[in-house]
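Working notes for the structure below.
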Amino acid sequence: MIKLGVAPIAWTNDDMPELGSENTFEQCISEMALAGYTGTEIGNKYPKDPETLKAYLEPRGLEVASAWFSAYLTVEPFERTAERFIEHRDFLHAMGAKVIVVSEQGHSIQGQEDTPVFEDKPYFTDDEWNLLTEGLEKLGELAHEKDMEIVYHHHMGTGVQTTEEIDRLMENTDPAKVSLLFDTGHLVYSGEDPIEIYERYSDRIKHIHFKDIRKEKMEEVKANKDSFLTGVRKGAFTVPGDGMIDFKPIWEKINQAGYEGWIVVEAEQDPAVANPFLYAQKAREYIKDVTGL
Ligand SMILES: O=C1C[C@@H](O)[C@H](O)[C@@H](O)C1=O
Ligand SMILES: [Co+2]
C-alpha cells in the first residue's frame with residue numbers, strides 16, 4: 001500500500017535549471033528505475049504530453065506520484081490560479097496520479113536569490129489567510145471532480161512554514177477538501193518537530209516527501225543569512241540516511257497510522273557534487289533498512 005518514488009529535482013533542479021542541466025530526461029528516469037524506485041514526480045525536462053510521457057515511464061516500471069503546483073491565491077484573482085490548476089489536474093489525472101501537490105507562492109521568498117530564508121519569510125495577513133483557505137477549499141473541490149485530492153506543501157520561505165502556520169491552515173480548511181503533504185526536510189529546516197506534525201495530522205497526510213538535512217550546512221545558511229536557493233547550492237538538503245534526521249521514529253508513526261500512498265525521496269542538491277544516481281541508491285538502501293520496504 002506504500003509506494004516509493006524519487007523526485008527528478010536531484011538530477012535537474014526546477015528552481016535553478018542550471019543545476020544539472022547536463023543530465024538528460026532519459027538518464028534521470030532510467031537511473032530512478034535502476035536505483036529501485038517505482039514512481040517519480042515531474043521535472044522541467046519531462047514531456048508535457050501524457051501519452052509521450054507514459055511511453056517513457058512504463059517500460060521503466062515508473063508511475064507518476066504527483067507534481068508540484070504553485071498557487072497565487074493571496075495575490076491574484078482565484079480564477080487565474082484555477083485556470084492553471086485545472087490544466088495541471090487534468091495532466092496528472094491522465095498520468096494516473098491521485099494527489100496534487102499545492103503550495104501557495106504568493107509572497108514566497110523561496111525563489112529569491114538574495115533574501116535570507118531564516119529572517120525574511122512572509123507572514124500572511126488575516127485577509128490573505130482567508131483568501132488562501134477559501135481558495136484551497138475550491139481547488140480541493142476541483143480536484144474531487146476527477147476523484148483526486150490536493151495535498152498542501154508547507155515550505156521554507158513561504159507563509160505556511162511553521163507548526164503554528166500549518167495548524168492555522170489545517171484548522172481553517174475542511175479536511176474533506178484539503179489534505180496535507182508531510183515533508184521531513186522542510187519541517188526540520190524550519191525547526192519544527194516532524195513527529196509532532198505527523199501525530200497531529202496523520203488523518204490528513206496523503207503524500208510524503210522524505211528529505212534530509214546536513215546540519216552544518218543549515219547552520220552556515222543561518223549564520224550567513226543565506227537565501228533558500230543558496231542553501232540548496234551549498235548542500236543543505238540531502239537524501240534520507242545522509243543527514244541529521246533519524247527516520248526510524250518517523251517511520252514508526254507512519255506505519256502505526258496505516259499510511260497508504262507515496263513516499264517520495266526528494267533531495268535537491270548540486271548534481272555535479274552529489275551524483276544523483278548514487279544518492280538515490282543510498283536512500284533506497286537506507287529506507288529498506290529502516291522500513292523494510
Ligand atoms: O517539494 C518540493 C518541490 C521543490 O520545487 C521545492 O523547492 C522543494 O524544496 C520541495 O520540497
Ligand atoms: Co517537498
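Letters for chains follow the order of the C-alpha cells (A, B, ...), residue numbers begin at 1 for each chain, and ligand numbers begin at 1 in the order shown.
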
- request: Write down as a ChimeraX atom specification the residues of region 20-93 of chain A whose backbone DSSP state falls under alpha helix (DSSP H).
  value: /A:25-34,50-57,78-93

Could the residues in this selection be written to a file with C-alpha atoms, as a CSV table (one decimal), in the first residue's frame?
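Written file, again26.csv:
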chain,number,residue,atom,x,y,z
A,25,PHE,CA,15.5,13.2,-19.0
A,26,GLU,CA,16.1,9.6,-20.1
A,27,GLN,CA,19.2,9.3,-17.9
A,28,CYS,CA,17.1,10.6,-14.9
A,29,ILE,CA,14.2,8.2,-15.3
A,30,SER,CA,16.5,5.2,-16.1
A,31,GLU,CA,18.6,5.8,-13.0
A,32,MET,CA,15.4,6.2,-10.9
A,33,ALA,CA,14.3,2.7,-12.0
A,34,LEU,CA,17.8,1.3,-11.7
A,50,PRO,CA,0.7,12.4,-21.2
A,51,GLU,CA,0.9,9.7,-23.9
A,52,THR,CA,4.5,10.6,-24.7
A,53,LEU,CA,5.5,10.6,-21.1
A,54,LYS,CA,3.8,7.2,-20.4
A,55,ALA,CA,5.8,5.8,-23.3
A,56,TYR,CA,9.0,6.7,-21.5
A,57,LEU,CA,7.9,5.7,-18.0
A,78,PHE,CA,-8.9,32.9,-7.8
A,79,GLU,CA,-9.8,32.4,-11.5
A,80,ARG,CA,-6.2,32.8,-12.6
A,81,THR,CA,-4.9,30.1,-10.2
A,82,ALA,CA,-7.9,27.9,-11.0
A,83,GLU,CA,-7.3,28.0,-14.8
A,84,ARG,CA,-3.7,26.8,-14.4
A,85,PHE,CA,-4.8,24.3,-11.7
A,86,ILE,CA,-7.3,22.7,-14.0
A,87,GLU,CA,-4.7,22.2,-16.7
A,88,HIS,CA,-2.3,20.7,-14.1
A,89,ARG,CA,-5.0,18.5,-12.6
A,90,ASP,CA,-6.0,17.1,-16.0
A,91,PHE,CA,-2.4,16.3,-16.9
A,92,LEU,CA,-1.9,14.5,-13.6
A,93,HIS,CA,-5.2,12.7,-13.9

task: May I have the residues within 10 Å of ligand 2, computed using only C-alpha atoms and all ligand atoms, as a list of chain:residue names?
output: A:Ala7, A:Ile9, A:Trp68, A:Val101, A:Ser103, A:His153, A:His154, A:His155, A:Met156, A:Leu181, A:Phe182, A:Asp183, A:Thr184, A:Gly185, A:His186, A:His207, A:Ile208, A:His209, A:Phe210, A:Lys211, A:Val264, A:Val265, A:Glu266, A:Ala267, A:Glu268

DSSP on the backbone: which residues in region 114-230 of chain A end up as strand (DSSP E)? Give the answer as a PDB file with N, CA and C atoms, in the first residue's frame.
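See part-v1.pdb below for the written result:
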ATOM      1  N   GLU A 149      -7.214  14.436  -4.817  1.00  0.00           N
ATOM      2  CA  GLU A 149      -7.136  15.268  -3.603  1.00  0.00           C
ATOM      3  C   GLU A 149      -5.999  16.263  -3.760  1.00  0.00           C
ATOM      4  N   ILE A 150      -6.136  17.449  -3.135  1.00  0.00           N
ATOM      5  CA  ILE A 150      -4.965  18.326  -3.068  1.00  0.00           C
ATOM      6  C   ILE A 150      -4.239  18.054  -1.746  1.00  0.00           C
ATOM      7  N   VAL A 151      -2.902  18.068  -1.819  1.00  0.00           N
ATOM      8  CA  VAL A 151      -2.080  17.902  -0.613  1.00  0.00           C
ATOM      9  C   VAL A 151      -1.233  19.169  -0.487  1.00  0.00           C
ATOM     10  N   TYR A 152      -1.415  19.878   0.622  1.00  0.00           N
ATOM     11  CA  TYR A 152      -0.737  21.168   0.763  1.00  0.00           C
ATOM     12  C   TYR A 152       0.718  20.975   1.195  1.00  0.00           C
ATOM     13  N   HIS A 153       1.655  21.611   0.457  1.00  0.00           N
ATOM     14  CA  HIS A 153       3.091  21.507   0.770  1.00  0.00           C
ATOM     15  C   HIS A 153       3.535  22.717   1.597  1.00  0.00           C
ATOM     16  N   VAL A 178      -9.093  19.602   1.857  1.00  0.00           N
ATOM     17  CA  VAL A 178      -7.669  19.974   1.860  1.00  0.00           C
ATOM     18  C   VAL A 178      -6.886  18.981   2.710  1.00  0.00           C
ATOM     19  N   SER A 179      -6.003  18.231   2.058  1.00  0.00           N
ATOM     20  CA  SER A 179      -5.121  17.309   2.780  1.00  0.00           C
ATOM     21  C   SER A 179      -3.738  17.924   2.891  1.00  0.00           C
ATOM     22  N   LEU A 180      -2.838  17.200   3.577  1.00  0.00           N
ATOM     23  CA  LEU A 180      -1.511  17.754   3.859  1.00  0.00           C
ATOM     24  C   LEU A 180      -0.423  16.871   3.277  1.00  0.00           C
ATOM     25  N   LEU A 181       0.631  17.524   2.782  1.00  0.00           N
ATOM     26  CA  LEU A 181       1.854  16.815   2.396  1.00  0.00           C
ATOM     27  C   LEU A 181       2.821  16.953   3.570  1.00  0.00           C
ATOM     28  N   PHE A 182       3.502  15.884   3.912  1.00  0.00           N
ATOM     29  CA  PHE A 182       4.442  15.856   5.039  1.00  0.00           C
ATOM     30  C   PHE A 182       5.848  15.791   4.442  1.00  0.00           C
ATOM     31  N   ASP A 183       6.602  16.915   4.579  1.00  0.00           N
ATOM     32  CA  ASP A 183       7.961  16.952   4.039  1.00  0.00           C
ATOM     33  C   ASP A 183       8.933  17.069   5.220  1.00  0.00           C
ATOM     34  N   ILE A 205      -2.667  13.487   6.230  1.00  0.00           N
ATOM     35  CA  ILE A 205      -1.448  13.402   5.418  1.00  0.00           C
ATOM     36  C   ILE A 205      -1.648  12.348   4.330  1.00  0.00           C
ATOM     37  N   LYS A 206      -1.598  12.815   3.072  1.00  0.00           N
ATOM     38  CA  LYS A 206      -1.864  11.892   1.955  1.00  0.00           C
ATOM     39  C   LYS A 206      -0.719  11.846   0.948  1.00  0.00           C
ATOM     40  N   HIS A 207       0.393  12.480   1.293  1.00  0.00           N
ATOM     41  CA  HIS A 207       1.571  12.403   0.417  1.00  0.00           C
ATOM     42  C   HIS A 207       2.776  12.749   1.297  1.00  0.00           C
ATOM     43  N   ILE A 208       3.918  12.079   1.016  1.00  0.00           N
ATOM     44  CA  ILE A 208       5.092  12.274   1.879  1.00  0.00           C
ATOM     45  C   ILE A 208       6.336  12.526   1.033  1.00  0.00           C
ATOM     46  N   HIS A 209       7.117  13.543   1.434  1.00  0.00           N
ATOM     47  CA  HIS A 209       8.449  13.762   0.864  1.00  0.00           C
ATOM     48  C   HIS A 209       9.474  13.432   1.942  1.00  0.00           C
ATOM     49  N   PHE A 210      10.373  12.505   1.640  1.00  0.00           N
ATOM     50  CA  PHE A 210      11.489  12.198   2.542  1.00  0.00           C
ATOM     51  C   PHE A 210      12.707  12.981   2.077  1.00  0.00           C
ATOM     52  N   ASP A 212      16.356  14.938   3.776  1.00  0.00           N
ATOM     53  CA  ASP A 212      17.195  15.055   4.977  1.00  0.00           C
ATOM     54  C   ASP A 212      17.964  16.381   4.944  1.00  0.00           C
ATOM     55  N   ILE A 213      18.560  16.710   6.084  1.00  0.00           N
ATOM     56  CA  ILE A 213      19.250  17.997   6.229  1.00  0.00           C
ATOM     57  C   ILE A 213      20.685  17.763   6.692  1.00  0.00           C
TER      58      ILE A 213
END

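You can rank A:Asp49, A:Glu220, A:Glu76, A:Asp270 by their closest distance to Ala10 (chain A) using only C-alpha atoms, and at the top of that list sits A:Asp270.
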
task: Could you check which of A:Pro175, A:Pro116, A:Gly135, A:Pro17 is closest to ligand 1, using only C-alpha atoms and all ligand atoms?
output: A:Pro17

- request: Could you tell me how far CA of Gly292 (chain A) lies from CA of Ile254 (chain A), in Å and to one decimal?
  value: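 Computing it gives 13.0 Å between the two atoms.
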
- prompt: Could you state the separation of CA of Met148 (chain A) and CA of Ala97 (chain A) in Å, given to one decimal place?
  reply: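 Separation of CA of Met148 (chain A) and CA of Ala97 (chain A): 7.9 Å.
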
- prompt: Counting only C-alpha atoms, what is within 12 Å of Gln256 (chain A), bar same-chain residues fewer than 5 positions away, as a list in words?
  reply: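 My reading of the contact set: Tyr198, Glu199, Ser202, Asp203, Pro249, Ile250, Trp251 and Thr291 of chain A.
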
Could you write those residues out with C-alpha atoms, as a compact mmCIF listing (two decimals), in the first residue's frame?
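And here's again-v3.txt as it stands now:
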# COMPACT_ATOMS: atom_id res chain seq x y z
CA TYR A 198 2.77 13.61 11.84
CA GLU A 199 0.90 12.62 15.02
CA SER A 202 -1.87 11.63 10.35
CA ASP A 203 -5.52 11.55 9.23
CA PRO A 249 10.76 7.15 14.83
CA ILE A 250 9.17 8.97 11.91
CA TRP A 251 8.63 5.67 10.11
CA THR A 291 11.18 0.41 6.91

message: At a cut-off of 12 Å, using only C-alpha atoms, what residues contact Thr158 (chain A)? Leave out same-chain residues fewer than 6 positions from it and give the result as a list in words.
response: Ser70, Ala71, Tyr72, Thr74, Ser103, Glu104, Gln105, Gly106, His107, Ser108, Ile109, Gln110, Gly111, Gln112, Val117, Phe118, Glu119, Asp120, Lys121, Pro122, Tyr123, Phe124, Glu165, Ile166, His186, Ser190 and Phe228 of chain A

Selected residues written out with N, CA and C atoms, as a PDB file, in the first residue's frame:
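Below is the file selection.pdb, written as the result:
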ATOM      1  N   SER A  70       2.158  25.641  -8.131  1.00  0.00           N
ATOM      2  CA  SER A  70       2.294  26.924  -7.419  1.00  0.00           C
ATOM      3  C   SER A  70       0.980  27.683  -7.488  1.00  0.00           C
ATOM      4  N   ALA A  71       0.345  27.899  -6.332  1.00  0.00           N
ATOM      5  CA  ALA A  71      -0.880  28.711  -6.255  1.00  0.00           C
ATOM      6  C   ALA A  71      -0.494  30.148  -5.892  1.00  0.00           C
ATOM      7  N   TYR A  72      -1.317  31.104  -6.353  1.00  0.00           N
ATOM      8  CA  TYR A  72      -1.110  32.523  -6.005  1.00  0.00           C
ATOM      9  C   TYR A  72      -2.423  33.093  -5.473  1.00  0.00           C
ATOM     10  N   THR A  74      -3.238  34.329  -2.643  1.00  0.00           N
ATOM     11  CA  THR A  74      -3.202  35.525  -1.800  1.00  0.00           C
ATOM     12  C   THR A  74      -2.920  36.791  -2.607  1.00  0.00           C
ATOM     13  N   SER A 103       1.269  24.435  -3.352  1.00  0.00           N
ATOM     14  CA  SER A 103       1.977  25.322  -2.427  1.00  0.00           C
ATOM     15  C   SER A 103       1.640  26.763  -2.775  1.00  0.00           C
ATOM     16  N   GLU A 104       1.285  27.560  -1.771  1.00  0.00           N
ATOM     17  CA  GLU A 104       0.996  28.974  -2.032  1.00  0.00           C
ATOM     18  C   GLU A 104       2.319  29.724  -2.205  1.00  0.00           C
ATOM     19  N   GLN A 105       2.453  30.336  -3.375  1.00  0.00           N
ATOM     20  CA  GLN A 105       3.687  31.066  -3.671  1.00  0.00           C
ATOM     21  C   GLN A 105       3.506  32.583  -3.624  1.00  0.00           C
ATOM     22  N   GLY A 106       2.303  33.051  -3.275  1.00  0.00           N
ATOM     23  CA  GLY A 106       2.129  34.481  -3.049  1.00  0.00           C
ATOM     24  C   GLY A 106       3.055  34.892  -1.917  1.00  0.00           C
ATOM     25  N   HIS A 107       3.872  35.924  -2.137  1.00  0.00           N
ATOM     26  CA  HIS A 107       4.846  36.479  -1.177  1.00  0.00           C
ATOM     27  C   HIS A 107       6.000  35.517  -0.842  1.00  0.00           C
ATOM     28  N   SER A 108       6.072  34.404  -1.524  1.00  0.00           N
ATOM     29  CA  SER A 108       7.144  33.438  -1.212  1.00  0.00           C
ATOM     30  C   SER A 108       8.516  34.017  -1.534  1.00  0.00           C
ATOM     31  N   ILE A 109       9.484  33.669  -0.704  1.00  0.00           N
ATOM     32  CA  ILE A 109      10.867  34.111  -0.992  1.00  0.00           C
ATOM     33  C   ILE A 109      11.732  32.926  -1.429  1.00  0.00           C
ATOM     34  N   GLN A 110      11.112  31.783  -1.660  1.00  0.00           N
ATOM     35  CA  GLN A 110      11.938  30.595  -1.940  1.00  0.00           C
ATOM     36  C   GLN A 110      12.712  30.697  -3.246  1.00  0.00           C
ATOM     37  N   GLY A 111      12.223  31.526  -4.181  1.00  0.00           N
ATOM     38  CA  GLY A 111      12.926  31.653  -5.468  1.00  0.00           C
ATOM     39  C   GLY A 111      13.800  32.894  -5.546  1.00  0.00           C
ATOM     40  N   GLN A 112      13.910  33.635  -4.425  1.00  0.00           N
ATOM     41  CA  GLN A 112      14.687  34.890  -4.467  1.00  0.00           C
ATOM     42  C   GLN A 112      16.133  34.631  -4.070  1.00  0.00           C
ATOM     43  N   VAL A 117      16.651  33.301   4.097  1.00  0.00           N
ATOM     44  CA  VAL A 117      15.496  32.420   4.295  1.00  0.00           C
ATOM     45  C   VAL A 117      15.077  32.336   5.761  1.00  0.00           C
ATOM     46  N   PHE A 118      16.047  32.511   6.679  1.00  0.00           N
ATOM     47  CA  PHE A 118      15.678  32.404   8.096  1.00  0.00           C
ATOM     48  C   PHE A 118      15.153  33.719   8.675  1.00  0.00           C
ATOM     49  N   GLU A 119      15.406  34.826   7.996  1.00  0.00           N
ATOM     50  CA  GLU A 119      14.971  36.118   8.554  1.00  0.00           C
ATOM     51  C   GLU A 119      13.708  36.653   7.904  1.00  0.00           C
ATOM     52  N   ASP A 120      13.580  36.411   6.591  1.00  0.00           N
ATOM     53  CA  ASP A 120      12.596  37.188   5.831  1.00  0.00           C
ATOM     54  C   ASP A 120      11.436  36.382   5.270  1.00  0.00           C
ATOM     55  N   LYS A 121      11.060  35.298   5.941  1.00  0.00           N
ATOM     56  CA  LYS A 121       9.904  34.569   5.429  1.00  0.00           C
ATOM     57  C   LYS A 121       8.659  35.475   5.509  1.00  0.00           C
ATOM     58  N   PRO A 122       7.689  35.292   4.609  1.00  0.00           N
ATOM     59  CA  PRO A 122       6.474  36.120   4.673  1.00  0.00           C
ATOM     60  C   PRO A 122       5.501  35.651   5.759  1.00  0.00           C
ATOM     61  N   TYR A 123       4.672  36.564   6.220  1.00  0.00           N
ATOM     62  CA  TYR A 123       3.564  36.249   7.144  1.00  0.00           C
ATOM     63  C   TYR A 123       2.298  36.788   6.508  1.00  0.00           C
ATOM     64  N   PHE A 124       1.280  35.943   6.375  1.00  0.00           N
ATOM     65  CA  PHE A 124       0.039  36.392   5.746  1.00  0.00           C
ATOM     66  C   PHE A 124      -0.769  37.244   6.709  1.00  0.00           C
ATOM     67  N   GLU A 165       1.675  27.889  11.638  1.00  0.00           N
ATOM     68  CA  GLU A 165       1.034  28.169  10.339  1.00  0.00           C
ATOM     69  C   GLU A 165       0.359  26.913   9.764  1.00  0.00           C
ATOM     70  N   ILE A 166       1.004  25.769   9.952  1.00  0.00           N
ATOM     71  CA  ILE A 166       0.364  24.523   9.489  1.00  0.00           C
ATOM     72  C   ILE A 166      -0.928  24.313  10.282  1.00  0.00           C
ATOM     73  N   HIS A 186      11.681  20.024   5.123  1.00  0.00           N
ATOM     74  CA  HIS A 186      11.232  21.402   5.368  1.00  0.00           C
ATOM     75  C   HIS A 186      10.860  21.613   6.832  1.00  0.00           C
ATOM     76  N   SER A 190      13.059  24.191   9.285  1.00  0.00           N
ATOM     77  CA  SER A 190      12.356  25.307   9.917  1.00  0.00           C
ATOM     78  C   SER A 190      12.391  25.245  11.440  1.00  0.00           C
ATOM     79  N   PHE A 228      17.217  30.695   0.435  1.00  0.00           N
ATOM     80  CA  PHE A 228      16.848  29.284   0.274  1.00  0.00           C
ATOM     81  C   PHE A 228      17.670  28.657  -0.856  1.00  0.00           C
TER      82      PHE A 228
END

query: Do you have the CA of Trp11 (chain A)-CA of Asn224 (chain A) distance handy?
result: 26.7 Å

Selection: 8 Å around Gly241 (chain A), only C-alpha atoms, excl. self and same-chain fewer than 4 positions, as a PyMOL selection string: chain A and resi 212+245-247+282-283+286-287

If you keep C-alpha atoms, can you produce a file of those selected residues as a compact mmCIF listing (two decimals), in the first residue's frame?
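Output (again_31.txt):
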# COMPACT_ATOMS: atom_id res chain seq x y z
CA ASP A 212 17.19 15.06 4.98
CA ILE A 245 17.21 13.23 10.66
CA ASP A 246 16.53 9.89 12.31
CA PHE A 247 13.82 8.40 10.12
CA LYS A 282 21.93 5.26 -0.93
CA ALA A 283 18.46 6.50 0.07
CA TYR A 286 18.57 3.29 3.97
CA ILE A 287 14.78 3.19 3.51
